[in-house]
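Student: Before I ask anything, let me first share the structure, which is written out below as structure tokens.
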Amino acid sequence: MVDRRGILYAVQAFRQRLRDENPHAVDTVVALTLLVAMFMVGTAYHPGEWRRFDLAAYLLTASTCLPLAARRAAPMLTHVAVSVAYVAYLELGFYPSLNFYGPMIAFYTVATTKASRTTTIAALILGGVLFYSALVVPELPIAVAVAQSTAPPLVLWGVAGVSRRLSLRNRQLAEATVQLRREQERRVEHAVGQERLQIARELHDVVAHHISVISMQAGLARYVFDSDPPTARAAVDTIGEISRETLEELRRVLNLLRTSDTPLDSETALIDAEPVPVSRRLEELVERVRGVGLDVSLRISGAVAELPSGLQLTVYRVVQEALTNVIKHVGPCEADVSVHRDFRQLSVTITNERKPGTAPTATVEPADGGNGLLGMHERARLYGGTLVAGPRPDGGYTVVLTVPWP
């Protein structure tokens, strides 16, 4: 079965596209096509009782068809001009069945573009013209003249209403399509930006800590190279171990970028690539930083191991970044790491204090322009948490991560 409604929508969409691209050219083509058709029919067909198609007929036919090229720019004016030309054509005694298409097309344009009041006036004009075209034929009864003057305007008005609704719907669909395309472009740009930030954050967290430890161990090895060879050798061994770990983590990040379609913040991130509980990873991290002169204590309480892997990664990265900042900006000192989960929230606290008998530690802003702190804040927001970082009144620094947990 032929889907007439679908065909009508397709035709209307094609017409709307032509109109949107070059409406004046379409109107000109319609006017010229109608003019040529009327010329051909008027020249070839000549009923005996009507005046032969002569120069006056050609001029009046042109006056009836050519104004249709401006029907969209001035619908009502075009309708009046075409109707007057058709009445003059009838008045001179030419065959009435020709040229009545011009007033009908002009009225259709008025009905599709103007308000009801204007369309009513145009319908009365068309009805009067068609009624007069019926009166010039003596053998037509008055009932036929009345029907001819009322039926075409009503039918055209109804079709014009359908066309107007279809045009409005097509414009709305076109606008919605443009908006959806723009929204999709904005989402793609936002997603690309988020991925770029996630990659930068992950690489920063992976590289910054290990490079800081390597730098400290290299300085230690250089300082005791001649006076304490065993300590220097241990520092070099630590550098080798951390270098291998750094390469492994970088390789995991790069593999994740090549193969994963999900963001790095999701629960398929690095901890899933190497499923190790966060408590064990924190113990290894604390043991590593103790080797560079930090006196670090670690306390873990609550069901931390049952947290989602992505949140465990966030806890690990925040602690790692906080201790890295202590290594880079404070040096050897006392630090404390506390991870606690209860029925309300998960809290992670990292503090560093000056050792007794030493000068107070200065509050130093991160040398990398705050990328580390920025990354910690971003990780906290991913899980609806907050991160507060600032100096302690008695010296040192505190970082507190809080994540609500039902």
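FYI, nothing fancy with the structure tokens labels: chains A, B, ... in order, residues from 1 per chain, ligands from 1 as they appear.
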Give me the residues within 8 Å of A:Leu294 as a VMD selection string, counting only C-alpha atoms and dropping any in the same chain fewer than 3 places off.
Tutor: chain A and resid 289 to 291 327 331 to 335
Student: Among stretch 93-310 of chain A, which ones does DSSP assign to helix (DSSP H, G or I) (computed from the backbone)? Answer as a ChimeraX atom specification.
Tutor: /A:101-113,116-135,142-223,229-259,270-273,278-290,304-306,309-310
Student: How far is it from atom CA of A:Thr238 to atom CA of A:Phe225, in Å with one decimal?
Tutor: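 Calculated distance between atom CA of A:Thr238 and atom CA of A:Phe225 is 14.6 Å.
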Student: Set the distance at 9 Å and use only C-alpha atoms: which residues neighbour A:Ser301 once local chain neighbours fewer than 5 positions away are removed? I'd like the list as a list of chain:residue names.
Tutor: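 So, after excluding close chain neighbours, the residues are A:Ser338, A:Val339, A:His340, A:Arg341, A:Asp342.
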Student: Need to verify the contact set: stretch 121-134 of chain A, 7 Å, only C-alpha atoms, exclusion of same-chain residues closer than 3 positions in sequence. Can you return it as a list of chain:residue names?
Tutor: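 Surrounding residues, per the criterion: A:Ser83, A:Val87, A:Leu90, A:Pro96, A:Pro103, A:Phe107, A:Arg117, A:Thr118, A:Val137, A:Leu140, A:Ala145, A:Val146, A:Gln148, A:Ser149, A:Thr150, A:Pro153.
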Student: Fewer than 5 positions away in the same chain doesn't count, so skip those; otherwise give me all residues within 7 Å of A:Thr351, counting only C-alpha atoms, as a PDB file with C-alpha atoms, in the first residue's frame.
Tutor:
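around_22.pdb, written as the output of this step:
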```pdb
ATOM      1  CA  ALA A 335      53.462  13.184  58.086  1.00  0.00           C
ATOM      2  CA  ASP A 336      50.294  11.340  58.952  1.00  0.00           C
ATOM      3  CA  VAL A 337      47.808   9.618  56.593  1.00  0.00           C
ATOM      4  CA  TYR A 397      49.960  21.526  55.781  1.00  0.00           C
ATOM      5  CA  THR A 398      46.686  19.592  55.800  1.00  0.00           C
ATOM      6  CA  VAL A 399      44.719  17.968  52.983  1.00  0.00           C
TER       7      VAL A 399
END
```
Student: Using only C-alpha atoms, which of A:Leu60, A:Leu203, A:Met376, A:Ala106 sits nearest A:Val80?
Tutor: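 Checking each candidate against A:Val80, we get A:Ala106 as the closest.
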Student: At what distance in Å, to one decimal, does atom CA of A:Glu249 lie from atom CA of A:Glu284?
Tutor: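 Separating atom CA of A:Glu284 from atom CA of A:Glu249 is a distance of 14.7 Å.
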Student: Quick one: everything within 12 Å of A:Val30, counting only C-alpha atoms, minus sequence neighbours fewer than 4 positions away in the same chain. Send it as a ChimeraX atom specification.
Tutor: /A:23-26,34-37,65-72,101-102,105-106
Student: Which is closest to A:Val348 among A:Gly193, A:Gly375, A:Gly302, A:Pro391, if we use only C-alpha atoms?
Tutor: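 Nearest candidate to A:Val348 out of A:Gly193, A:Gly375, A:Gly302, A:Pro391: A:Gly302.
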Student: Can you pull out every residue within 12 Å of A:Glu49, counting only C-alpha atoms, but drop anything in the same chain fewer than 4 positions away, and send it as a ChimeraX atom specification?
Tutor: /A:93-96,136-138
Student: Could you write out that same residue set with N, CA and C atoms as a PDB file, in the first residue's frame?
Tutor:
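Generated file (out22.pdb):
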```
ATOM      1  N   GLY A  93     -13.535  38.782 -24.239  1.00  0.00           N
ATOM      2  CA  GLY A  93     -14.195  37.675 -24.909  1.00  0.00           C
ATOM      3  C   GLY A  93     -13.317  36.492 -25.225  1.00  0.00           C
ATOM      4  N   PHE A  94     -12.232  36.314 -24.508  1.00  0.00           N
ATOM      5  CA  PHE A  94     -11.377  35.149 -24.741  1.00  0.00           C
ATOM      6  C   PHE A  94     -11.903  33.951 -23.955  1.00  0.00           C
ATOM      7  N   TYR A  95     -11.421  32.779 -24.330  1.00  0.00           N
ATOM      8  CA  TYR A  95     -11.879  31.515 -23.742  1.00  0.00           C
ATOM      9  C   TYR A  95     -11.632  31.533 -22.230  1.00  0.00           C
ATOM     10  N   PRO A  96     -12.673  31.408 -21.370  1.00  0.00           N
ATOM     11  CA  PRO A  96     -12.506  31.598 -19.924  1.00  0.00           C
ATOM     12  C   PRO A  96     -11.765  30.471 -19.212  1.00  0.00           C
ATOM     13  N   VAL A 136     -19.881  34.569 -17.901  1.00  0.00           N
ATOM     14  CA  VAL A 136     -19.622  34.875 -19.310  1.00  0.00           C
ATOM     15  C   VAL A 136     -19.954  33.687 -20.200  1.00  0.00           C
ATOM     16  N   VAL A 137     -20.233  32.553 -19.610  1.00  0.00           N
ATOM     17  CA  VAL A 137     -20.651  31.375 -20.380  1.00  0.00           C
ATOM     18  C   VAL A 137     -22.167  31.284 -20.262  1.00  0.00           C
ATOM     19  N   PRO A 138     -22.920  31.628 -21.281  1.00  0.00           N
ATOM     20  CA  PRO A 138     -24.389  31.731 -21.161  1.00  0.00           C
ATOM     21  C   PRO A 138     -25.066  30.427 -20.801  1.00  0.00           C
TER      22      PRO A 138
END
```
Student: Under the rule that only C-alpha atoms are counted, which of A:Thr231, A:Thr33, A:Ser97, A:Thr61 is the nearest residue to A:His46?
Tutor: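 Checking each candidate against A:His46, we get A:Ser97 as the closest.
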